[in-house]
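A.B. asks: my_file-v6.csv is reproduced in full below (CSV, C-alpha atoms).
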chain,number,residue,atom,x,y,z
A,1,MET,CA,-10.4,0.1,14.5
A,2,TYR,CA,-13.7,0.9,12.8
A,3,GLU,CA,-13.9,1.6,9.1
A,4,ASN,CA,-16.9,1.3,6.7
A,5,CYS,CA,-19.1,-1.0,8.7
A,6,LYS,CA,-16.1,-3.2,9.7
A,7,LEU,CA,-14.4,-3.7,13.0
A,8,TYR,CA,-10.7,-4.7,13.1
A,9,PHE,CA,-8.9,-6.3,16.0
A,10,GLU,CA,-5.4,-7.9,16.7
A,11,ASN,CA,-3.5,-5.7,14.3
A,12,TYR,CA,-6.1,-6.1,11.5
A,13,GLN,CA,-6.0,-9.9,11.6
A,14,HIS,CA,-9.6,-10.3,12.8
A,15,CYS,CA,-12.4,-8.5,11.0
A,16,TYR,CA,-16.1,-8.3,12.0
A,17,SER,CA,-18.9,-6.9,9.8
A,18,CYS,CA,-21.4,-4.5,11.4
A,19,VAL,CA,-23.9,-4.6,8.5
A,20,HIS,CA,-26.3,-7.0,10.4
A,21,ALA,CA,-28.1,-6.7,13.7
A,22,GLU,CA,-25.1,-8.2,15.5
A,23,PRO,CA,-21.4,-8.0,14.4
A,24,GLN,CA,-20.4,-11.1,12.5
A,25,ILE,CA,-16.9,-12.5,11.9
A,26,LEU,CA,-15.8,-11.9,8.3
A,27,TYR,CA,-12.3,-13.5,8.5
A,28,LYS,CA,-9.4,-14.3,10.8
A,29,LEU,CA,-5.9,-14.3,9.4
A,30,PRO,CA,-2.8,-16.0,10.9
A,31,THR,CA,-0.8,-14.0,13.3
A,32,ARG,CA,1.9,-11.8,11.6
A,33,SER,CA,5.5,-11.8,12.6
A,34,LYS,CA,7.0,-8.7,14.2
A,35,GLN,CA,8.6,-7.8,10.9
A,36,GLU,CA,5.3,-8.0,9.1
A,37,LYS,CA,3.3,-6.0,11.7
A,38,ILE,CA,0.9,-3.6,10.1
A,39,GLU,CA,2.0,0.0,11.0
A,40,ASP,CA,-0.8,1.9,9.3
A,41,THR,CA,-3.8,1.4,6.9
A,42,LEU,CA,-6.2,3.2,4.5
A,43,MET,CA,-9.6,1.9,3.3
A,44,CYS,CA,-9.8,2.1,-0.5
A,45,HIS,CA,-13.1,2.2,-2.6
A,46,SER,CA,-13.0,2.6,-6.3
A,47,PRO,CA,-15.6,5.0,-7.9
A,48,VAL,CA,-18.6,3.2,-9.4
A,49,GLU,CA,-18.2,5.0,-12.8
A,50,LYS,CA,-14.5,3.9,-13.3
A,51,SER,CA,-13.7,1.1,-15.7
A,52,LEU,CA,-10.8,-0.9,-14.4
A,53,SER,CA,-8.9,-3.8,-16.0
A,54,SER,CA,-8.8,-6.1,-13.0
A,55,PRO,CA,-12.1,-7.2,-11.3
A,56,SER,CA,-10.3,-7.0,-7.9
A,57,ASP,CA,-9.7,-3.3,-8.4
A,58,HIS,CA,-13.4,-2.6,-8.2
A,59,LYS,CA,-13.8,-4.3,-4.8
A,60,PRO,CA,-13.1,-2.5,-1.5
A,61,SER,CA,-9.6,-3.1,-0.2
A,62,LEU,CA,-7.4,-2.3,2.7
A,63,LEU,CA,-4.1,-0.7,2.0
A,64,ALA,CA,-1.6,-1.7,4.7
A,65,LEU,CA,1.9,-0.7,5.4
A,66,THR,CA,4.1,-3.3,7.2
A,67,ALA,CA,7.0,-2.8,9.5
A,68,ASN,CA,9.4,-4.3,6.9
A,69,ASN,CA,8.5,-1.7,4.2
A,70,TRP,CA,5.9,-3.6,2.2
A,71,LEU,CA,2.7,-2.0,1.0
A,72,ILE,CA,0.1,-4.6,0.6
A,73,ARG,CA,-3.5,-4.5,-0.7
A,74,LEU,CA,-5.9,-6.8,1.1
A,75,SER,CA,-9.5,-7.7,0.2
A,76,ALA,CA,-11.8,-5.9,2.6
A,77,GLU,CA,-14.2,-8.9,2.5
A,78,THR,CA,-11.9,-11.8,2.8
A,79,GLY,CA,-8.5,-10.5,3.9
A,80,GLU,CA,-6.9,-12.1,0.8
A,81,GLU,CA,-3.8,-10.5,-0.4
A,82,LEU,CA,-4.4,-8.9,-3.8
A,83,GLN,CA,-1.1,-7.1,-4.4
A,84,ARG,CA,2.1,-6.2,-2.7
A,85,VAL,CA,4.8,-3.6,-3.4
A,86,TYR,CA,8.2,-3.3,-1.8
A,87,LEU,CA,8.9,0.3,-1.0
A,88,SER,CA,12.6,0.7,-0.4
A,89,PRO,CA,15.6,-0.9,1.4
A,90,ASN,CA,17.0,2.5,2.2
A,91,TYR,CA,14.2,4.4,4.0
A,92,LYS,CA,12.0,3.3,6.9
A,93,PHE,CA,8.3,4.1,6.0
A,94,ARG,CA,5.8,4.5,8.8
A,95,TYR,CA,2.7,6.6,7.9
A,96,LEU,CA,-0.1,6.5,5.2
A,97,GLY,CA,-2.3,9.5,4.2
A,98,TRP,CA,-4.9,10.3,1.5
A,99,ASP,CA,-5.0,13.1,-1.0
A,100,VAL,CA,-8.6,12.1,-2.0
A,101,SER,CA,-9.2,14.9,-4.5
A,102,GLN,CA,-6.3,13.7,-6.6
A,103,GLU,CA,-7.1,10.0,-6.2
A,104,THR,CA,-3.6,9.6,-4.7
A,105,PHE,CA,-2.2,8.5,-1.4
A,106,TYR,CA,1.2,8.9,0.1
A,107,VAL,CA,3.6,6.9,2.4
A,108,LYS,CA,5.8,9.0,4.7
A,109,SER,CA,9.1,7.8,6.2
A,110,VAL,CA,10.1,8.4,9.8
A,111,GLN,CA,11.8,11.7,10.3
A,112,ASN,CA,15.6,12.0,10.3
A,113,LYS,CA,16.5,13.7,13.4
A,114,GLU,CA,19.9,15.3,14.2
A,115,THR,CA,21.6,13.5,17.1
A,116,PRO,CA,23.6,15.4,19.7
A,117,LEU,CA,26.7,13.4,18.7
A,118,ALA,CA,26.3,14.4,15.0
A,119,ARG,CA,25.8,18.0,16.1
A,120,GLN,CA,29.0,18.0,18.2
A,121,ALA,CA,30.9,16.5,15.2
A,122,GLY,CA,29.5,19.3,13.0
A,123,ILE,CA,27.6,16.8,10.8
A,124,THR,CA,24.4,18.4,9.3
A,125,GLN,CA,21.4,16.2,8.6
A,126,ASN,CA,19.8,17.8,5.6
A,127,THR,CA,17.3,15.1,4.7
A,128,VAL,CA,14.1,15.5,6.7
A,129,MET,CA,12.1,12.5,5.3
A,130,HIS,CA,11.1,10.7,2.2
A,131,ILE,CA,7.6,10.4,0.7
A,132,ALA,CA,6.3,7.8,-1.7
A,133,ILE,CA,3.3,8.8,-3.8
A,134,PHE,CA,0.8,6.4,-5.4
A,135,HIS,CA,-2.2,6.6,-7.7
A,136,VAL,CA,-5.2,4.4,-6.9
A,137,PHE,CA,-7.7,2.8,-9.3
A,138,PRO,CA,-5.6,0.9,-10.3
A,139,LEU,CA,-2.7,1.0,-7.8
A,140,ASP,CA,0.4,2.5,-9.4
A,141,VAL,CA,3.4,4.5,-8.2
A,142,ILE,CA,4.2,8.1,-9.0
A,143,GLY,CA,7.5,8.0,-7.2
A,144,ILE,CA,9.6,8.8,-4.2
A,145,MET,CA,10.8,12.3,-3.3
A,146,GLU,CA,13.1,13.6,-0.6
A,147,ILE,CA,12.3,16.6,1.6
A,148,ASN,CA,15.6,18.3,2.0
A,149,LYS,CA,16.6,21.4,4.1
A,150,LYS,CA,19.0,22.5,1.4
A,151,VAL,CA,16.1,23.0,-1.0
A,152,PHE,CA,13.2,24.0,1.3
A,153,GLY,CA,15.1,25.7,4.2
A,154,ASN,CA,16.6,24.8,7.5
A,155,GLY,CA,13.4,25.0,9.5
A,156,VAL,CA,11.4,22.2,7.8
A,157,ILE,CA,10.0,19.8,10.4
A,158,GLY,CA,7.2,17.9,8.6
A,159,ALA,CA,5.2,17.5,5.3
A,160,ASP,CA,1.8,16.4,4.0
A,161,LEU,CA,0.1,16.1,0.6
A,162,VAL,CA,-3.4,17.7,0.4
A,163,GLN,CA,-5.5,19.0,-2.5
A,164,GLY,CA,-2.7,18.5,-4.9
A,165,VAL,CA,-0.2,20.6,-3.0
A,166,LEU,CA,2.8,19.7,-0.9
A,167,ALA,CA,2.4,21.3,2.5
A,168,LEU,CA,5.6,21.9,4.6
A,169,TYR,CA,5.7,22.7,8.3
A,170,TYR,CA,8.4,24.9,9.7
A,171,SER,CA,9.9,25.3,13.2
A,172,ASN,CA,9.1,29.1,13.1
A,173,LYS,CA,5.4,28.3,13.2
A,174,SER,CA,4.7,28.7,9.5
A,175,VAL,CA,3.2,26.6,6.8
A,176,LYS,CA,4.2,26.8,3.1
A,177,MET,CA,2.4,25.1,0.2
A,178,TYR,CA,3.9,24.1,-3.2
A,179,SER,CA,2.3,22.7,-6.4
A,180,PHE,CA,3.0,18.9,-6.4
A,181,GLU,CA,2.3,18.8,-10.2
A,182,HIS,CA,5.1,21.4,-10.6
A,183,ILE,CA,7.5,19.1,-8.6
A,184,VAL,CA,6.8,15.8,-10.4
A,185,GLN,CA,8.6,15.4,-13.7
A,186,ARG,CA,10.0,11.9,-14.0
A,187,LYS,CA,7.5,9.1,-13.3
A,188,VAL,CA,8.1,5.4,-12.9
A,189,THR,CA,5.7,2.4,-13.3
A,190,LEU,CA,5.1,-0.6,-11.0
A,191,GLY,CA,6.2,-3.9,-12.6
A,192,LYS,CA,8.3,-2.1,-15.2
A,193,GLN,CA,12.1,-2.0,-15.4
A,194,SER,CA,13.7,1.4,-14.6
A,195,PRO,CA,17.2,2.7,-15.4
A,196,LEU,CA,17.2,4.3,-12.0
A,197,LEU,CA,17.4,0.8,-10.5
A,198,GLY,CA,19.9,-0.4,-13.0
A,199,GLY,CA,17.2,-2.1,-15.1
A,200,LYS,CA,15.6,-3.8,-12.2
A,201,THR,CA,11.8,-4.0,-11.8
A,202,VAL,CA,10.0,-1.2,-9.9
A,203,GLY,CA,8.3,-2.5,-6.7
A,204,ASP,CA,10.1,-5.8,-6.5
A,205,ALA,CA,12.3,-6.8,-3.5
A,206,PRO,CA,15.0,-6.0,-2.7
A,207,PHE,CA,15.1,-3.0,-4.9
A,208,GLY,CA,11.8,-1.2,-4.3
A,209,ILE,CA,11.0,2.2,-5.8
A,210,PRO,CA,13.8,4.6,-6.9
A,211,LEU,CA,14.2,8.1,-5.8
A,212,ASN,CA,12.9,9.4,-9.1
A,213,ILE,CA,11.5,12.9,-8.0
A,214,GLN,CA,14.7,15.0,-7.8
A,215,ILE,CA,14.0,18.4,-6.3
A,216,THR,CA,17.1,20.6,-6.8
A,217,ASP,CA,15.6,24.1,-6.6
A,218,CYS,CA,12.8,25.3,-4.4
A,219,PRO,CA,9.5,25.5,-6.4
A,220,PRO,CA,7.4,28.7,-6.2
A,221,VAL,CA,5.4,29.1,-3.0
A,222,LEU,CA,1.7,29.0,-3.6
A,223,PHE,CA,0.6,30.0,-0.1
A,224,LYS,CA,2.3,30.8,3.2
A,225,VAL,CA,0.9,31.6,6.6
A,226,SER,CA,2.3,31.9,10.2
A,227,CYS,CA,0.1,29.9,12.6
A,228,ALA,CA,0.1,28.4,16.0
A,229,GLU,CA,1.0,24.7,16.2
A,230,ASN,CA,1.6,24.7,12.4
A,231,SER,CA,-2.1,24.1,12.0
A,232,VAL,CA,-4.1,25.5,9.0
A,233,GLN,CA,-7.3,24.3,7.5
A,234,ILE,CA,-8.5,25.0,3.9
A,235,GLY,CA,-12.1,24.7,2.7
A,236,GLY,CA,-15.3,26.5,1.9
A,237,ASN,CA,-16.6,27.9,-1.3
A,238,PRO,CA,-14.9,30.2,-2.4
A,239,TRP,CA,-11.8,28.8,-0.7
A,240,HIS,CA,-11.0,30.1,2.8
A,241,TYR,CA,-8.5,29.1,5.5
A,242,ILE,CA,-8.8,28.8,9.3
A,243,TYR,CA,-5.8,29.4,11.6
A,244,THR,CA,-4.7,30.8,14.9
A,245,PRO,CA,-1.9,33.5,14.6
A,246,PRO,CA,1.2,32.6,16.7
A,247,ARG,CA,0.9,35.7,18.8
A,248,LYS,CA,0.1,35.3,22.6
A,249,LYS,CA,-2.8,37.8,22.3
A,250,ASP,CA,-4.5,35.6,19.7
A,251,GLU,CA,-4.4,32.4,21.8
A,252,GLY,CA,-7.9,30.8,21.8
A,253,THR,CA,-9.1,32.6,18.7
A,254,TYR,CA,-9.6,31.3,15.1
A,255,HIS,CA,-9.1,33.6,12.1
A,256,ILE,CA,-11.0,32.9,8.9
A,257,CYS,CA,-9.6,34.4,5.7
A,258,SER,CA,-9.9,34.3,2.0
A,259,LEU,CA,-7.3,32.0,0.4
A,260,LYS,CA,-7.2,34.2,-2.7
A,261,ASP,CA,-5.9,37.4,-1.0
A,262,GLY,CA,-5.9,36.8,2.8
A,263,THR,CA,-8.9,39.1,3.4
A,264,MET,CA,-10.6,38.5,6.7
A,265,ALA,CA,-14.1,37.1,6.3
A,266,THR,CA,-17.1,38.8,7.8
A,267,ASN,CA,-17.1,37.9,11.6
A,268,GLY,CA,-13.8,36.3,10.7
A,269,VAL,CA,-12.4,36.1,14.3
A,270,GLN,CA,-14.1,33.3,16.3
A,271,GLU,CA,-13.5,32.5,19.9
A,272,MET,CA,-15.4,30.7,22.7
A,273,ASP,CA,-15.7,31.9,26.3
A,274,SER,CA,-14.6,29.0,28.3
A,275,TYR,CA,-12.8,28.3,31.6
A,276,SER,CA,-12.1,24.7,30.7
A,277,LEU,CA,-8.7,23.2,30.5
A,278,GLU,CA,-9.7,21.6,27.2
A,279,ASN,CA,-9.4,23.5,24.0
A,280,ASP,CA,-12.4,24.2,21.7
A,281,GLY,CA,-12.2,23.0,18.1
A,282,ILE,CA,-13.2,24.4,14.7
A,283,PHE,CA,-13.4,22.9,11.3
A,284,PHE,CA,-15.1,23.2,7.9
A,285,HIS,CA,-18.3,21.2,7.7
A,286,PRO,CA,-17.6,17.9,6.0
A,287,ASP,CA,-20.8,18.2,3.9
A,288,ASP,CA,-18.9,20.7,1.7
A,289,SER,CA,-21.7,23.3,2.3
A,290,GLY,CA,-19.1,26.0,3.1
A,291,ARG,CA,-20.3,26.1,6.7
A,292,ILE,CA,-18.1,26.0,9.8
A,293,ILE,CA,-18.6,23.9,12.9
A,294,HIS,CA,-17.2,25.3,16.2
A,295,VAL,CA,-17.3,22.9,19.2
A,296,GLY,CA,-16.1,23.6,22.7
A,297,PRO,CA,-16.3,22.2,26.2
A,298,PRO,CA,-19.3,24.2,27.3
A,299,ILE,CA,-22.9,23.8,26.0
A,300,SER,CA,-22.3,26.2,23.2
A,301,GLN,CA,-22.9,26.2,19.5
A,302,VAL,CA,-21.5,28.6,16.8
A,303,THR,CA,-22.7,28.1,13.3
A,304,VAL,CA,-21.2,30.4,10.6
A,305,THR,CA,-23.4,30.6,7.5
A,306,SER,CA,-22.0,31.0,4.1
A,307,SER,CA,-22.9,34.7,4.2
A,308,GLY,CA,-20.7,35.3,7.2
A,309,ARG,CA,-23.6,35.8,9.8
A,310,THR,CA,-23.2,34.0,13.1
A,311,VAL,CA,-25.7,32.5,15.6
A,312,LYS,CA,-24.4,31.9,19.1
A,313,ARG,CA,-25.8,30.6,22.3
A,314,ARG,CA,-23.5,30.6,25.4
A,315,PHE,CA,-23.7,29.8,29.1
A,316,GLN,CA,-21.2,31.2,31.7
A,317,GLN,CA,-20.2,28.2,33.9
A,318,LEU,CA,-17.2,26.4,35.2
A,319,ASP,CA,-16.8,24.0,32.3
A,320,ASP,CA,-14.6,21.4,34.0
A,321,ASP,CA,-17.2,20.8,36.7
A,322,PRO,CA,-18.2,17.2,36.1
A,323,SER,CA,-21.8,18.0,37.0
A,324,GLN,CA,-22.1,20.1,33.9
A,325,LYS,CA,-22.9,18.9,30.4
A,326,THR,CA,-20.0,19.0,28.0
A,327,PHE,CA,-19.7,18.6,24.3
A,328,ARG,CA,-17.0,16.0,23.5
A,329,MET,CA,-17.1,15.4,19.7
A,330,VAL,CA,-19.1,15.8,16.6
A,331,GLU,CA,-19.6,13.2,13.8
A,332,TYR,CA,-21.4,13.8,10.5
A,333,GLU,CA,-23.3,11.0,8.7
A,334,ASP,CA,-23.6,12.0,5.1
A,335,GLU,CA,-26.1,9.5,3.9
A,336,LEU,CA,-28.6,10.4,6.6
A,337,ASP,CA,-27.5,14.1,6.7
A,338,LEU,CA,-27.4,14.0,10.5
A,339,LEU,CA,-24.9,15.3,13.1
A,340,ALA,CA,-24.1,13.1,16.0
A,341,ILE,CA,-22.9,15.0,19.1
A,342,VAL,CA,-21.4,13.2,22.1
A,343,VAL,CA,-22.4,15.0,25.3
A,344,THR,CA,-21.1,13.9,28.8
A,345,ASN,CA,-22.9,14.5,32.1
A,346,GLY,CA,-21.3,13.6,35.4
A,347,GLU,CA,-24.0,14.7,37.7
A,348,GLU,CA,-24.7,11.2,39.0
A,349,GLY,CA,-21.2,10.8,40.3
A,350,GLU,CA,-19.7,8.9,37.4
A,351,GLY,CA,-19.1,9.8,33.7
A,352,ARG,CA,-22.3,9.3,31.7
A,353,ALA,CA,-22.6,10.1,28.0
A,354,CYS,CA,-25.4,10.4,25.4
A,355,ILE,CA,-25.4,10.9,21.7
A,356,GLN,CA,-27.7,13.7,20.3
A,357,LEU,CA,-28.8,13.4,16.7
A,358,HIS,CA,-29.4,16.7,15.0
A,359,ASP,CA,-30.8,17.6,11.6
A,360,ASN,CA,-27.8,18.8,9.7
A,361,GLN,CA,-29.7,21.6,7.8
A,362,THR,CA,-31.7,23.1,10.7
A,363,GLY,CA,-29.8,21.9,13.8
A,364,GLN,CA,-33.1,20.5,15.3
A,365,LEU,CA,-32.6,17.8,17.9
A,366,LEU,CA,-34.2,14.7,16.6
A,367,ARG,CA,-33.2,12.0,19.2
A,368,THR,CA,-31.1,11.4,22.2
A,369,ILE,CA,-29.5,8.1,22.9
A,370,ASP,CA,-28.1,7.3,26.4
A,371,LEU,CA,-24.9,5.2,26.2
A,372,ILE,CA,-25.0,2.1,28.5
A,373,GLU,CA,-21.3,2.2,29.3
A,374,THR,CA,-19.7,4.9,31.5
A,375,TRP,CA,-17.5,7.5,29.7
A,376,ASP,CA,-14.1,7.9,31.2
A,377,GLU,CA,-12.5,11.0,29.9
A,378,THR,CA,-9.0,9.8,31.0
A,379,ASN,CA,-9.2,7.0,28.4
A,380,LYS,CA,-8.9,7.5,24.7
A,381,ASN,CA,-12.4,7.6,23.2
A,382,GLU,CA,-13.6,7.4,19.6
A,383,VAL,CA,-17.1,7.5,18.2
A,384,PHE,CA,-18.2,6.5,14.7
A,385,PHE,CA,-21.6,7.1,13.2
A,386,ASP,CA,-22.2,5.1,10.0
A,387,LYS,CA,-25.8,4.8,8.6
A,388,ASP,CA,-27.6,2.7,11.2
A,389,THR,CA,-24.5,1.9,13.4
A,390,ILE,CA,-22.9,3.9,16.2
A,391,VAL,CA,-19.6,2.5,17.5
A,392,HIS,CA,-17.8,3.7,20.7
A,393,ILE,CA,-14.2,2.5,21.0
A,394,GLU,CA,-12.4,3.2,24.3
A,395,GLN,CA,-8.8,2.4,25.1
A,396,LYS,CA,-8.0,1.4,28.7
A,397,ASN,CA,-4.2,1.2,28.8
A,398,ALA,CA,-3.4,-1.7,26.4
A,399,LYS,CA,-7.0,-3.0,26.3
A,400,PHE,CA,-9.7,-1.9,23.9
A,401,CYS,CA,-13.4,-2.1,24.5
A,402,CYS,CA,-15.9,-1.8,21.7
A,403,HIS,CA,-19.5,-0.9,22.1
A,404,VAL,CA,-21.8,-1.3,19.1
A,405,TYR,CA,-25.3,0.2,18.8
A,406,LYS,CA,-27.8,-0.4,16.0
A,407,LEU,CA,-30.5,2.1,14.9
A,408,CYS,CA,-34.0,0.7,14.8
A,409,CYS,CA,-37.4,2.3,14.3
A,410,LYS,CA,-37.8,3.5,17.9
A,411,ALA,CA,-34.5,3.3,19.7
A,412,PHE,CA,-31.0,1.9,19.8
A,413,HIS,CA,-30.4,-1.6,21.0
A,414,ASP,CA,-28.0,-4.6,20.7
A,415,HIS,CA,-25.3,-3.3,23.0
A,416,LEU,CA,-22.3,-5.6,22.3
A,417,ARG,CA,-18.8,-5.8,23.8
A,418,PHE,CA,-15.6,-7.2,22.5
A,419,PHE,CA,-12.4,-7.3,24.5
For this file, write the structure as structure tokens.
C.D. replies:
Amino acid sequence: MYENCKLYFENYQHCYSCVHAEPQILYKLPTRSKQEKIEDTLMCHSPVEKSLSSPSDHKPSLLALTANNWLIRLSAETGEELQRVYLSPNYKFRYLGWDVSQETFYVKSVQNKETPLARQAGITQNTVMHIAIFHVFPLDVIGIMEINKKVFGNGVIGADLVQGVLALYYSNKSVKMYSFEHIVQRKVTLGKQSPLLGGKTVGDAPFGIPLNIQITDCPPVLFKVSCAENSVQIGGNPWHYIYTPPRKKDEGTYHICSLKDGTMATNGVQEMDSYSLENDGIFFHPDDSGRIIHVGPPISQVTVTSSGRTVKRRFQQLDDDPSQKTFRMVEYEDELDLLAIVVTNGEEGEGRACIQLHDNQTGQLLRTIDLIETWDETNKNEVFFDKDTIVHIEQKNAKFCCHVYKLCCKAFHDHLRFF
């Protein structure tokens, strides 16, 4: 895993720094037991302008969720454990997620799925999952809530927290959003006694955090949309959303509408002519400019300006032909204001890839870097672009290979491998 100039190996027990010309070991921790295996992580950085009571709260840390339901905060520089919170003896937590705008993160449990045996016996499983919500800077708990079919409807299949709203996904290909602030009423505090735990301390084992957010009535729906694959993105200024309607005739298209009233934007239906087996992708530009990036298998670019005008360049070709160049992914480097585009070219008989660096404001190609390693599209590939560092991580079955490139004044060099 790569995060903020650091490479993590062996379930986050080995950490290398990529700040220097060659990766350097920061720390190696003892092997964890199966019960303490890290299931998921988030990197945490406190805002510079914040005044916090503990010096450790100002330092970058790794929030880690373990298999036995502990949330631990580790120093990003030394691996030292700074804080630990026991979540619950009753629910199995598995996933972490950010709601950055609210300076909160959440921990989701595994989903409760109805078994065929329970269905035959007429037993209905109304609880879909549980979600624990925390403030950061400093770390404190807001509470745990239950997503229940009796409250939110029978079709609920998943949930997330984003931009201060609770987003629920339904089996009928719809998404509904609710105000999280409206839902939260009774808060608890880490390290303090709670009557909901019979006077026991919140966050201590074996009691954990109580189910303090009781939702008995469905809150008002802020926003609802029917969409393919329960996928909707919100962004832009003013707010817009991108989705694909669940109708067969709309497959392969993206609709861009105003969040305020659902009005279609100018040139609000985007699609890409492609004969590839791979889907194209679209997303709001991470630079918060209000622009949209549309990436597909062929050599094509669609840039939608804030005024709704479009600029397109397309080639008709068989996109899955390995001899043709193909866009694979796009990364944005905010400090350099550059776009890094991974392009593959199989014309030499094996998968070769390069990274094109483009000016984010004009789209001008500034530099092309050929990757030394081959690019196998059957493997899982990830690329990270972070200041003067480019990292390519590929997963070959159960083995990971990490390629690190450093930017210098004329070219990229220092190709390094770790197995």
A.B. asks: If we count all atoms listed in the file, what is near stretch 89-93 of chain A at a cut-off of 7 Å, once residues fewer than 2 positions away on the same chain are taken out, given as a list in words?
C.D. replies: Asn69, Tyr95, Val107, Lys108, Ser109, Val110, Pro206, Phe207 and Gly208 of chain A
A.B. asks: Mind pulling up the distance from atom CA of A:Val184 to atom CA of A:Phe105?
C.D. replies: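 Rounded to one decimal, the two atoms are 14.7 Å apart.
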A.B. asks: Counting all atoms listed in the file, which residue out of A:Ser33, A:Thr41, A:Thr104, A:Ser46 sits closest to A:Ile72?
C.D. replies: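 Distance minimum relative to A:Ile72 lands on A:Thr41.
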A.B. asks: Counting all atoms listed in the file, which residues of stretch 61-150 of chain A sit at most 7 Å from some atom of stretch 213-216 of chain A, and what is each one's closest atom pair with its distance in Å to one decimal, listed by chain and rising residue number, as a tab-separated table?
C.D. replies:
residue	atom	partner	partner_atom	distance
A:Gly143	CA	A:Ile213	CA	6.4
A:Ile144	CA	A:Ile213	CA	5.9
A:Met145	CA	A:Ile213	CA	4.8
A.B. asks: Please identify all polymer residues within 10 Å of stretch 261-263 of chain A, counting only C-alpha atoms, omitting same-chain residues fewer than 3 positions from it, and present them as a tab-separated table (two decimals) with C-alpha atoms, keeping the file's coordinate frame.
C.D. replies:
chain	number	residue	atom	x	y	z
A	223	PHE	CA	0.60	30.00	-0.10
A	225	VAL	CA	0.90	31.60	6.60
A	240	HIS	CA	-11.00	30.10	2.80
A	241	TYR	CA	-8.50	29.10	5.50
A	256	ILE	CA	-11.00	32.90	8.90
A	257	CYS	CA	-9.60	34.40	5.70
A	258	SER	CA	-9.90	34.30	2.00
A	266	THR	CA	-17.10	38.80	7.80
A	268	GLY	CA	-13.80	36.30	10.70
A.B. asks: Which is closest to A:Glu114 among A:Val128, A:Ile183, A:Ile209, A:Val404, if we use only C-alpha atoms?
C.D. replies: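 Residue with the minimum atom-to-atom distance to A:Glu114: A:Val128.
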A.B. asks: Which of these residues is nearest to A:Tyr86, using only C-alpha atoms: A:Tyr27, A:Tyr170, A:Trp70, A:Trp98?
C.D. replies: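 Counting only C-alpha atoms, the residue closest to A:Tyr86 is A:Trp70.
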A.B. asks: Using only C-alpha atoms - which residues lie no farther than 12 Å from the point (-31.5, 17.7, 11.9) in the file's frame? Write them as a PDB file with C-alpha atoms, in the coordinates of the input.
C.D. replies:
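Below is the file point00.pdb, written as the result:
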ATOM      1  CA  TYR A 332     -21.400  13.800  10.500  1.00  0.00           C
ATOM      2  CA  GLU A 333     -23.300  11.000   8.700  1.00  0.00           C
ATOM      3  CA  ASP A 334     -23.600  12.000   5.100  1.00  0.00           C
ATOM      4  CA  LEU A 336     -28.600  10.400   6.600  1.00  0.00           C
ATOM      5  CA  ASP A 337     -27.500  14.100   6.700  1.00  0.00           C
ATOM      6  CA  LEU A 338     -27.400  14.000  10.500  1.00  0.00           C
ATOM      7  CA  LEU A 339     -24.900  15.300  13.100  1.00  0.00           C
ATOM      8  CA  ALA A 340     -24.100  13.100  16.000  1.00  0.00           C
ATOM      9  CA  ILE A 341     -22.900  15.000  19.100  1.00  0.00           C
ATOM     10  CA  GLN A 356     -27.700  13.700  20.300  1.00  0.00           C
ATOM     11  CA  LEU A 357     -28.800  13.400  16.700  1.00  0.00           C
ATOM     12  CA  HIS A 358     -29.400  16.700  15.000  1.00  0.00           C
ATOM     13  CA  ASP A 359     -30.800  17.600  11.600  1.00  0.00           C
ATOM     14  CA  ASN A 360     -27.800  18.800   9.700  1.00  0.00           C
ATOM     15  CA  GLN A 361     -29.700  21.600   7.800  1.00  0.00           C
ATOM     16  CA  THR A 362     -31.700  23.100  10.700  1.00  0.00           C
ATOM     17  CA  GLY A 363     -29.800  21.900  13.800  1.00  0.00           C
ATOM     18  CA  GLN A 364     -33.100  20.500  15.300  1.00  0.00           C
ATOM     19  CA  LEU A 365     -32.600  17.800  17.900  1.00  0.00           C
ATOM     20  CA  LEU A 366     -34.200  14.700  16.600  1.00  0.00           C
ATOM     21  CA  ARG A 367     -33.200  12.000  19.200  1.00  0.00           C
TER      22      ARG A 367
END
A.B. asks: Please indicate the distance in Å from atom CA of A:Asp388 to atom CA of A:His294, rounded to one decimal place.
C.D. replies: 25.4 Å
A.B. asks: Would you pick out the contacts of A:Ala64 at 8 Å or less, using only C-alpha atoms, so that residues sharing its chain but fewer than 6 positions from it are not included, and give the list as an MDAnalysis selection string?
C.D. replies: chainID A and resid 38:42 71:74
A.B. asks: Save the residues we just selected, C-alpha atoms, as a tab-separated table (two decimals), keeping the file's coordinate frame?
C.D. replies:
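So the final result, stored in again.tsv, reads:
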chain	number	residue	atom	x	y	z
A	38	ILE	CA	0.90	-3.60	10.10
A	39	GLU	CA	2.00	0.00	11.00
A	40	ASP	CA	-0.80	1.90	9.30
A	41	THR	CA	-3.80	1.40	6.90
A	42	LEU	CA	-6.20	3.20	4.50
A	71	LEU	CA	2.70	-2.00	1.00
A	72	ILE	CA	0.10	-4.60	0.60
A	73	ARG	CA	-3.50	-4.50	-0.70
A	74	LEU	CA	-5.90	-6.80	1.10
A.B. asks: Report the distance between atom CA of A:Lys59 and atom CA of A:Phe385 in Å, rounded to one decimal place.
C.D. replies: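 Computed distance, atom CA of A:Lys59 to atom CA of A:Phe385, equals 22.7 Å.
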